[in-house]
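Undergrad: I have a structure I would like to understand better, so I am pasting it below and will then ask my questions one at a time.
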Amino acid sequence: MILFVETLIGGLLAGTMYSLVAIGFVLIFKASGVFNYSQGALLLFSALALVTFLEMGLSFWPAVLVTMVVMVILSIIIERVVLRPLANRNVMTLFMATLGLTYVIEGAAQGLMGSEVRLLDIGLEDNALFWGDILISEFDLIVACGAAVLVIALAIFFSKTRIGISLRAVADDAAAAQSIGININRIWQIVWAVAAVVGLISGMVWGARQGVAFSLSLVVLKALPVLIIGGFTSIMGAIVGGLLIGAGEALAETYLGPLVGGGITPWFAYVLALAFLFIRPVGLFGEYKVERV
Amino acid sequence: MSKHFTSIAAAVAIAASSIMSTGVALADGMTQYVPLFVYRTGPYASSGSLWFAGERDYFTYINEVEGGVNGVKFAIEEFETEYNPDRAVEAYERSKGGKDGSPTAFIMTHSTPATYALMDRAREDKIPLFDPAGGPSESKNGLVFPYVFPLLLTFYGQGSVAVNFIAEEFGGFENLKGKKIVTVYHDSGYGRASQPVMTKLAEKYGFIDVQIPVAHPGSEQTAIWRQVRAEKPDYVVLRTWGVMTPVGIKTAKRFGIDTTRMLGDVWAGSRADMIPAGDAAIGYNAIAPYPGGSDFDVHAKLKEHVIDKGLSNLENSDADFGAVFYNVGVVNAALAVEGMRIAMEKFGNRPLTGEEMLWGLENMTIDAARLEELGMTGLLQELKVTPQDHEGGGAARVQEWTGNGWNLVSDWIAVDDSVVDPLIEAKAAEYAAEQGITPRVVD
Amino acid sequence: MNTGSDTTKPSQPLLSVDGVEVVYDEHILGVADISVTVNPGEIVAILGANGAGKSTTLKAISGIAQTERAKITKGSIRFKGDQINGIAPHKLAKRNIVHVLEGRRVFSHLTVEENLKAGSFLRRPARREMERRIEEIYDWLPRLRDKRKTLAGLTSGGEQQMLAIGRALLTQPELVLLDEPSMGLAPIIVQEIFEIVSRLNRENGVSFLVAEQNIHVSLAHAHRGYVIANGHAVLSGSASELAAREDLHEFYLGLQEEDPSETRQKA
Amino acid sequence: MNSVGAKPTPDLNAIGQAGSGRGTQSWAFLALLAALVLVPLITTEYVTQVVVLPVLVLGLAGLGLNILTGYAGQISLGSGGFMAVGAYAAYVLAIHGGITFFPLTLLLAGVIAGLVGWVFGLPSIRIKGFYVMVTSLAAQFFFEWLFLKFPWFYNYGDVPTISLPPMGLFGLDINGSYVIKYYFTLAFVVALTWMASNLIKSHVGRNWMAIRDMDTAAGVIGIDSKKYKALAFTISAFYLGIAGALWGFIFLGTTSVGSFQIDRSFQILFIIIIGGMSSIRGNYIGAAFIFLLPLVIDYFAKTFIGDTVSPGVLSNFQKFLFGALIIIFLIKEPDGIDKLLRQLMGRVRRWGRKRA
């Protein structure tokens, strides 16, 4: 029983790390309908930039700030050079463009900042905490709290600020938003920038965990089943989806893995997501609406 | 719009025609063409870029300081494969015919999957494949696999060395009885490759062999290490690769597993694996057919003639000079150079063909005196390669991570051939039967 | 309501659309030849059957057409004398043209009040000022006040239409392009909406260009009107003239049959 | 297009096709076929075996995906997985089933892949769009795992890389010479392409397109969309499976999961988007473009900037350039190279007529 509870809690906490990646994805999909495969590459780019600035001698917070500025600039470039010319194209084309973008960002990131693995110290220790007999990762716990803060911050941003309300307006109806004077290109830039900053935060967390190198980019593959479960358009869904995937994966690896020879994590999340699709085809928090793809 | 694409089409045509016409003018007849299959992008770039830098730096040293191998200089051409065997096949076909009049004498595959993909072609084309400390273990048998060279230490050998070292830690083989050794492995061919040996050794010494897989890329391993902890292991062996190693070490630490009782294999023991693990990695051990460190004599030479002259291929020579993967590259290049030197004794001082190189490699002996001359004492084991034995050495040292570098904690530990060789022979025979190969007969 | 526009015609019309052709996706003809003028202070109706090209005309004016892969291939559109073809919709909103799209298109996941706020952001008012302006809209459209905290998607059709208009008014327009405000609404609601439009026009001097299928109610409130069919403007005149024409209805209905619908894509 | 009125009113009927030109087309097709037949005779082993042959196989895989995505409107990122099913099925049939007459092995492998495709197509009955796409990712990762995990699939080797057994073809070893390999592949690819093109012209193809264009409406007009979607998944996987087996047995001469990872799925998707959705020819054009582009970039990079930057930067620059070209392509030519060629041919024809 202790093993079960420990696995469950550990999985839930680890799941928030998936949620973080998925949130960046949801932001962009919601606001512009773009299935942004390059979220993982953005994560890599931001973490690499941060490490590079740290190596150049900046102290932690200034480096984070400078990286944010870089990511915002990058987002603006992406919007102008890639998305704007592709506005109103079908969603497949946009998805493909983000695949191309993934190569571009990965190539640029590693070409400019090097491909060796680097240590990223964000000041969090990966110690074990004990709650009774149950072992909990301090790192995961802090990250989960951080994710909660981020979600609250985003919720406030979206419900209280002018930009946030405009963002939601664009997500609801881009044409109507334009007709009342909202500049959707600017909104897209902002969304990408916010997603990139979320990417930076997830990049910091994942980078601290596994070192900063190319494999950060693969984290995106973990986010996709999260989205299926949570729905493509809901931040709450991304959180819940991440928790479910995290817990499901951990339990499966512990209880199901030994039966089939282990190593099932890459697909288990997808199969779990599939099962959810059968029950609710638009995800837990997604909305039914006619999709034309 | 269409103008743009006609120009692309034209470019395609030009490039295609120039690719077709390989082998143009003969430069001076005294360069040896070396195609280098690299992965400087993609998931394994972090190890690869150091590895290839080591190779290129050594070739640069030979070219610049020694004026080539007996006057034959190396002409290197890189082919990016992203660790993808399909792209290695493409690169192989592009480069197997040589260039500028020089034949291709050998190919360093730099990846076990690529070695597998190229094995049959290389046999056909008579080009030796270099895959030190990699490749199929059974290719140690050069009679069945004439053109594959898993030099230094096969995957099977790695398992054997690991157990020998662990026995030493416990104070002798007799103390292995009843102990539990958990191997956490990359769920791939590479990760599983040592399993047959571990099974055999477990029978022989009476320890319990537990194998736990981690799926690629392994960036989240909480569930894995919870399992490991539940096993209460006496020793943990890591057969991991890439990001899986630091995440594994960190997670292990969190679960209270003593990282000084962990032994990584060759590909889980480089600086790049330790740095992201931070303090958790202090005291971690790794098998090293190529130890890390820049205190070997050869490093002094490289430092003086390559690094300090700004000729190095390293992007960050302060941090990475002497890193394990850099040394892998240096050793691999040195082995190729030695093979060529020996072949030239028979065939003359000129660029060599693959077949000639094969003779050189199969007659390669590197003894203590030669190691001294090369400046590689302690970095490279003594080797004697024969047509029957393409491994040549079969030993490794063990190094311990101190937090900012590797500290060698053992001398060369030899493979237990009595366990490993029968396995290799059986596998090789199986392969020969499946492929309809008659093993060579060599006098 | 017979303030014949001809008598008070100012030197310059507010909006003049001249011989406009719109092509979707480079191949599909939206409208072929449309000319429309709106003078300051007027309510002008564009009448026509479903698919005649009314929406496309309004979208061409507001710039929305070009965000839907359409292009104005011929003709010109002038607002207060300046050529505005090809200007992005959000910039036109800044230049005081606002478009209330067909089908209301409220932001359904935003509350009624957030919808109104979204409309007011364009002029960047301070918070107090914004609240005051929104209160003003509630005075015009009192039904909305009771629903201010409700998600717009959950309000009734009539409320949504009012919300869409209120939201548009908060951009402080001189010209409102109003597309099919009557669509799918009960007659009594339609009546209410048009009365509000008339009052806004009278009391605040906002001009309206209204696309409608509903001839009676729109001509009752408009000053002038145009009838379009097959992407061409076929009739025009003052509202009373048009309303008096015996053949208007036939005209309007008769055209519907000629409409080769597959060549005409409603966006 | 500018607004000056010289141009007549745009074509009101559905558009874009530059005349029918059936004669020219079949003429061009025969010329192309003749050129393909001549490849081994007039070019080098390298070009035949490592340029043209893989392009043919990838084109066939593109065709498989195009049936599903271009014609039936279902997005998939599982192409690599289904290719793997084909390759491993062929291997298992040969090793465990003793079927070494290669054409038969290949067809059976295709059939097995088709059945697997049918199973993985089942969820598409309930879900749509990107959700289907992520379903296909489940297939992709599941197969990557499956073929790694169970040594039966690689004949209990230590390493899950298959060394392919000798395969027969009327008494010849298929791997005996690259010329045999090439002609065998060409014959197979041409036959399968011909079959696909007939299928698409039949009522099956029309129903697929009806489902693609209007899923709900297709149901209304009496098309059993479940049945036809399932059929599309099956046939698509059949083609992908055969392509996978050809890739392993003929092109690589070995197979590992590494050949059929998610990158492969992306590559196949690039092929159909760049070549042209819903176009048979487009698959081969796209395959040529996507396969050759890295080689061309590599060539130019080495020739022009090779010595000035470090190899690491060069490799990454090539990757950057590949991505950038994809994006430029998508922006400039959304309908793929096939459309471009059609327009070009139309222009040539009009020009020819003018001169005549």
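Labeling convention for the structure tokens: chains A, B, ... as they appear, residues from 1 per chain, ligands from 1 in order of appearance.
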As a PyMOL selection string, please: every residue in region 127-270 of chain D that DSSP puts in helix (DSSP H, G or I).
TA: chain D and resi 130-149+151-154+178-201+203-213+215-220+225-252+257-260+262-270
Undergrad: Residues within 6 Å of region 220-235 of chain D, please, as JSON, numbers by chain. Count only C-alpha atoms; anything in the same chain fewer than 3 positions from it doesn't count.
TA: {"D": [68, 114, 117, 118, 121, 125, 217, 238]}
Undergrad: Keeping only N, CA and C atoms, take the residues you just selected and write them out as a PDB file, in the first residue's frame.
TA:
ATOM      1  N   LEU D  68      -4.409   7.985 -47.087  1.00  0.00           N
ATOM      2  CA  LEU D  68      -5.091   8.242 -45.819  1.00  0.00           C
ATOM      3  C   LEU D  68      -5.353   9.734 -45.601  1.00  0.00           C
ATOM      4  N   GLY D 114      -1.509  -4.005 -43.262  1.00  0.00           N
ATOM      5  CA  GLY D 114      -2.850  -3.498 -43.536  1.00  0.00           C
ATOM      6  C   GLY D 114      -3.815  -3.840 -42.412  1.00  0.00           C
ATOM      7  N   GLY D 117      -3.080  -1.761 -39.524  1.00  0.00           N
ATOM      8  CA  GLY D 117      -3.570  -0.410 -39.806  1.00  0.00           C
ATOM      9  C   GLY D 117      -5.067  -0.318 -39.570  1.00  0.00           C
ATOM     10  N   TRP D 118      -5.776  -1.368 -39.942  1.00  0.00           N
ATOM     11  CA  TRP D 118      -7.222  -1.388 -39.744  1.00  0.00           C
ATOM     12  C   TRP D 118      -7.541  -1.250 -38.254  1.00  0.00           C
ATOM     13  N   GLY D 121      -6.947   2.085 -37.030  1.00  0.00           N
ATOM     14  CA  GLY D 121      -7.868   3.058 -37.612  1.00  0.00           C
ATOM     15  C   GLY D 121      -9.199   3.109 -36.892  1.00  0.00           C
ATOM     16  N   ILE D 125     -13.156   6.391 -36.026  1.00  0.00           N
ATOM     17  CA  ILE D 125     -14.602   6.438 -36.194  1.00  0.00           C
ATOM     18  C   ILE D 125     -15.207   7.423 -35.203  1.00  0.00           C
ATOM     19  N   ALA D 217     -21.700  15.275 -44.083  1.00  0.00           N
ATOM     20  CA  ALA D 217     -22.534  15.225 -45.279  1.00  0.00           C
ATOM     21  C   ALA D 217     -22.393  13.899 -46.001  1.00  0.00           C
ATOM     22  N   PHE D 238      -1.150  -0.917 -45.741  1.00  0.00           N
ATOM     23  CA  PHE D 238      -0.643  -1.922 -46.682  1.00  0.00           C
ATOM     24  C   PHE D 238       0.518  -1.338 -47.493  1.00  0.00           C
TER      25      PHE D 238
END
Undergrad: Hey, list the chain C side of the contact with chain A: 9 Å cut-off, only C-alpha atoms, answer as a VMD selection string.
TA: chain C and resid 62 to 64 67 to 69 88 to 94 97 to 101 104 to 110 114 to 115 117 to 122 167 to 168 170 to 171
Undergrad: Within 8 Å of chain D, which residues of chain C are there when counting only C-alpha atoms? Please give them as a list in words.
TA: Val23, Glu26, His27, Ile28, Leu29, Ile72, Thr73, Lys74 and Thr263 of chain C
Undergrad: Only N, CA and C atoms, please: the residues just picked out, written as a PDB file, in the first residue's frame.
TA:
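As a result, again-v5.pdb now contains:
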ATOM      1  N   VAL C  23     -12.525  38.773 -54.992  1.00  0.00           N
ATOM      2  CA  VAL C  23     -12.278  37.394 -55.415  1.00  0.00           C
ATOM      3  C   VAL C  23     -11.713  36.606 -54.240  1.00  0.00           C
ATOM      4  N   GLU C  26      -8.368  33.545 -55.012  1.00  0.00           N
ATOM      5  CA  GLU C  26      -7.903  33.831 -56.366  1.00  0.00           C
ATOM      6  C   GLU C  26      -8.808  33.290 -57.460  1.00  0.00           C
ATOM      7  N   HIS C  27      -9.867  32.606 -57.094  1.00  0.00           N
ATOM      8  CA  HIS C  27     -10.655  31.968 -58.139  1.00  0.00           C
ATOM      9  C   HIS C  27     -12.150  32.194 -58.009  1.00  0.00           C
ATOM     10  N   ILE C  28     -12.614  32.390 -56.783  1.00  0.00           N
ATOM     11  CA  ILE C  28     -14.057  32.398 -56.587  1.00  0.00           C
ATOM     12  C   ILE C  28     -14.528  33.832 -56.421  1.00  0.00           C
ATOM     13  N   LEU C  29     -15.455  34.187 -57.267  1.00  0.00           N
ATOM     14  CA  LEU C  29     -15.915  35.561 -57.278  1.00  0.00           C
ATOM     15  C   LEU C  29     -16.835  35.802 -56.098  1.00  0.00           C
ATOM     16  N   ILE C  72      -9.605  42.418 -52.969  1.00  0.00           N
ATOM     17  CA  ILE C  72     -10.357  43.373 -53.778  1.00  0.00           C
ATOM     18  C   ILE C  72      -9.577  43.532 -55.067  1.00  0.00           C
ATOM     19  N   THR C  73     -10.167  43.053 -56.158  1.00  0.00           N
ATOM     20  CA  THR C  73      -9.410  43.029 -57.412  1.00  0.00           C
ATOM     21  C   THR C  73      -9.720  44.216 -58.301  1.00  0.00           C
ATOM     22  N   LYS C  74     -10.856  44.853 -58.025  1.00  0.00           N
ATOM     23  CA  LYS C  74     -11.180  46.043 -58.824  1.00  0.00           C
ATOM     24  C   LYS C  74     -11.870  47.065 -57.938  1.00  0.00           C
ATOM     25  N   THR C 263     -21.045  29.134 -57.562  1.00  0.00           N
ATOM     26  CA  THR C 263     -19.932  30.026 -57.843  1.00  0.00           C
ATOM     27  C   THR C 263     -19.808  31.076 -56.764  1.00  0.00           C
TER      28      THR C 263
END
Undergrad: Got a sec to pull out which chain A residues are within 6 Å of chain B, counting only C-alpha atoms, and send them as a ChimeraX atom specification?
TA: /A:115-117,119,127-128,210-211,214-215,250,262-263
Undergrad: Those same residues - all heavy atoms - I'd like them written as a PDB file, in the first residue's frame.
TA:
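Saved the output as part_24.pdb:
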ATOM      1  N   SER A 115      26.527  22.035 -28.456  1.00  0.00           N
ATOM      2  CA  SER A 115      25.680  20.872 -28.305  1.00  0.00           C
ATOM      3  C   SER A 115      26.038  20.032 -27.094  1.00  0.00           C
ATOM      4  O   SER A 115      25.411  19.029 -26.824  1.00  0.00           O
ATOM      5  CB  SER A 115      25.745  20.026 -29.573  1.00  0.00           C
ATOM      6  OG  SER A 115      27.093  19.775 -29.900  1.00  0.00           O
ATOM      7  N   GLU A 116      27.085  20.424 -26.343  1.00  0.00           N
ATOM      8  CA  GLU A 116      27.446  19.582 -25.217  1.00  0.00           C
ATOM      9  C   GLU A 116      26.444  19.746 -24.073  1.00  0.00           C
ATOM     10  O   GLU A 116      25.754  20.756 -23.985  1.00  0.00           O
ATOM     11  CB  GLU A 116      28.880  19.869 -24.747  1.00  0.00           C
ATOM     12  CG  GLU A 116      29.115  21.220 -24.109  1.00  0.00           C
ATOM     13  CD  GLU A 116      29.479  22.295 -25.113  1.00  0.00           C
ATOM     14  OE1 GLU A 116      29.158  22.159 -26.303  1.00  0.00           O
ATOM     15  OE2 GLU A 116      30.077  23.299 -24.684  1.00  0.00           O
ATOM     16  N   VAL A 117      26.370  18.742 -23.229  1.00  0.00           N
ATOM     17  CA  VAL A 117      25.441  18.804 -22.103  1.00  0.00           C
ATOM     18  C   VAL A 117      25.957  19.803 -21.080  1.00  0.00           C
ATOM     19  O   VAL A 117      27.135  19.800 -20.742  1.00  0.00           O
ATOM     20  CB  VAL A 117      25.332  17.439 -21.413  1.00  0.00           C
ATOM     21  CG1 VAL A 117      24.309  17.490 -20.296  1.00  0.00           C
ATOM     22  CG2 VAL A 117      24.967  16.375 -22.402  1.00  0.00           C
ATOM     23  N   LEU A 119      25.289  21.810 -17.243  1.00  0.00           N
ATOM     24  CA  LEU A 119      24.597  21.773 -15.957  1.00  0.00           C
ATOM     25  C   LEU A 119      23.816  23.066 -15.780  1.00  0.00           C
ATOM     26  O   LEU A 119      24.318  24.141 -16.027  1.00  0.00           O
ATOM     27  CB  LEU A 119      25.625  21.630 -14.832  1.00  0.00           C
ATOM     28  CG  LEU A 119      25.086  21.721 -13.400  1.00  0.00           C
ATOM     29  CD1 LEU A 119      24.271  20.485 -13.080  1.00  0.00           C
ATOM     30  CD2 LEU A 119      26.226  21.885 -12.417  1.00  0.00           C
ATOM     31  N   ASN A 127      16.430  16.320  -3.273  1.00  0.00           N
ATOM     32  CA  ASN A 127      16.519  15.472  -2.086  1.00  0.00           C
ATOM     33  C   ASN A 127      15.243  14.676  -1.877  1.00  0.00           C
ATOM     34  O   ASN A 127      14.206  14.981  -2.441  1.00  0.00           O
ATOM     35  CB  ASN A 127      16.755  16.318  -0.840  1.00  0.00           C
ATOM     36  CG  ASN A 127      18.123  16.951  -0.862  1.00  0.00           C
ATOM     37  OD1 ASN A 127      19.052  16.379  -1.440  1.00  0.00           O
ATOM     38  ND2 ASN A 127      18.246  18.125  -0.279  1.00  0.00           N
ATOM     39  N   ALA A 128      15.365  13.684  -1.014  1.00  0.00           N
ATOM     40  CA  ALA A 128      14.186  12.915  -0.653  1.00  0.00           C
ATOM     41  C   ALA A 128      13.585  13.509   0.621  1.00  0.00           C
ATOM     42  O   ALA A 128      14.300  13.863   1.545  1.00  0.00           O
ATOM     43  CB  ALA A 128      14.583  11.466  -0.430  1.00  0.00           C
ATOM     44  N   GLN A 210      17.801  17.082 -15.970  1.00  0.00           N
ATOM     45  CA  GLN A 210      18.537  16.175 -16.854  1.00  0.00           C
ATOM     46  C   GLN A 210      19.699  16.825 -17.578  1.00  0.00           C
ATOM     47  O   GLN A 210      20.322  16.199 -18.425  1.00  0.00           O
ATOM     48  CB  GLN A 210      17.572  15.564 -17.868  1.00  0.00           C
ATOM     49  CG  GLN A 210      16.946  16.587 -18.819  1.00  0.00           C
ATOM     50  CD  GLN A 210      16.034  15.918 -19.827  1.00  0.00           C
ATOM     51  OE1 GLN A 210      15.184  15.135 -19.471  1.00  0.00           O
ATOM     52  NE2 GLN A 210      16.239  16.207 -21.086  1.00  0.00           N
ATOM     53  N   GLY A 211      20.007  18.063 -17.237  1.00  0.00           N
ATOM     54  CA  GLY A 211      21.076  18.730 -17.958  1.00  0.00           C
ATOM     55  C   GLY A 211      20.515  19.368 -19.215  1.00  0.00           C
ATOM     56  O   GLY A 211      19.472  18.959 -19.713  1.00  0.00           O
ATOM     57  N   PHE A 214      20.207  18.538 -26.210  1.00  0.00           N
ATOM     58  CA  PHE A 214      19.182  18.316 -27.222  1.00  0.00           C
ATOM     59  C   PHE A 214      17.939  17.592 -26.719  1.00  0.00           C
ATOM     60  O   PHE A 214      16.821  17.897 -27.120  1.00  0.00           O
ATOM     61  CB  PHE A 214      19.777  17.531 -28.386  1.00  0.00           C
ATOM     62  CG  PHE A 214      18.798  17.213 -29.456  1.00  0.00           C
ATOM     63  CD1 PHE A 214      18.522  18.138 -30.450  1.00  0.00           C
ATOM     64  CD2 PHE A 214      18.105  16.015 -29.463  1.00  0.00           C
ATOM     65  CE1 PHE A 214      17.597  17.868 -31.424  1.00  0.00           C
ATOM     66  CE2 PHE A 214      17.170  15.742 -30.439  1.00  0.00           C
ATOM     67  CZ  PHE A 214      16.922  16.673 -31.422  1.00  0.00           C
ATOM     68  N   SER A 215      18.135  16.630 -25.819  1.00  0.00           N
ATOM     69  CA  SER A 215      16.989  15.790 -25.465  1.00  0.00           C
ATOM     70  C   SER A 215      15.867  16.579 -24.800  1.00  0.00           C
ATOM     71  O   SER A 215      14.736  16.106 -24.728  1.00  0.00           O
ATOM     72  CB  SER A 215      17.426  14.638 -24.577  1.00  0.00           C
ATOM     73  OG  SER A 215      18.251  15.110 -23.568  1.00  0.00           O
ATOM     74  N   ALA A 250       3.570   6.261 -13.846  1.00  0.00           N
ATOM     75  CA  ALA A 250       4.329   5.722 -12.724  1.00  0.00           C
ATOM     76  C   ALA A 250       3.716   4.414 -12.249  1.00  0.00           C
ATOM     77  O   ALA A 250       4.428   3.425 -12.009  1.00  0.00           O
ATOM     78  CB  ALA A 250       4.366   6.735 -11.579  1.00  0.00           C
ATOM     79  N   GLY A 262       8.873  -4.163 -19.094  1.00  0.00           N
ATOM     80  CA  GLY A 262       9.259  -2.798 -18.748  1.00  0.00           C
ATOM     81  C   GLY A 262       9.482  -1.888 -19.936  1.00  0.00           C
ATOM     82  O   GLY A 262       9.252  -2.252 -21.084  1.00  0.00           O
ATOM     83  N   GLY A 263       9.929  -0.680 -19.610  1.00  0.00           N
ATOM     84  CA  GLY A 263      10.224   0.300 -20.651  1.00  0.00           C
ATOM     85  C   GLY A 263       9.001   0.735 -21.430  1.00  0.00           C
ATOM     86  O   GLY A 263       9.085   1.041 -22.611  1.00  0.00           O
TER      87      GLY A 263
END
Undergrad: Within 9 Å of chain D, which residues of chain A are there when counting only C-alpha atoms? Please give them as a ChimeraX atom specification.
TA: /A:35,82,85-86,89,92-94,96-112,114-115,224-225,228,260-264,266-271,273-274,277-278,281-282,291-293
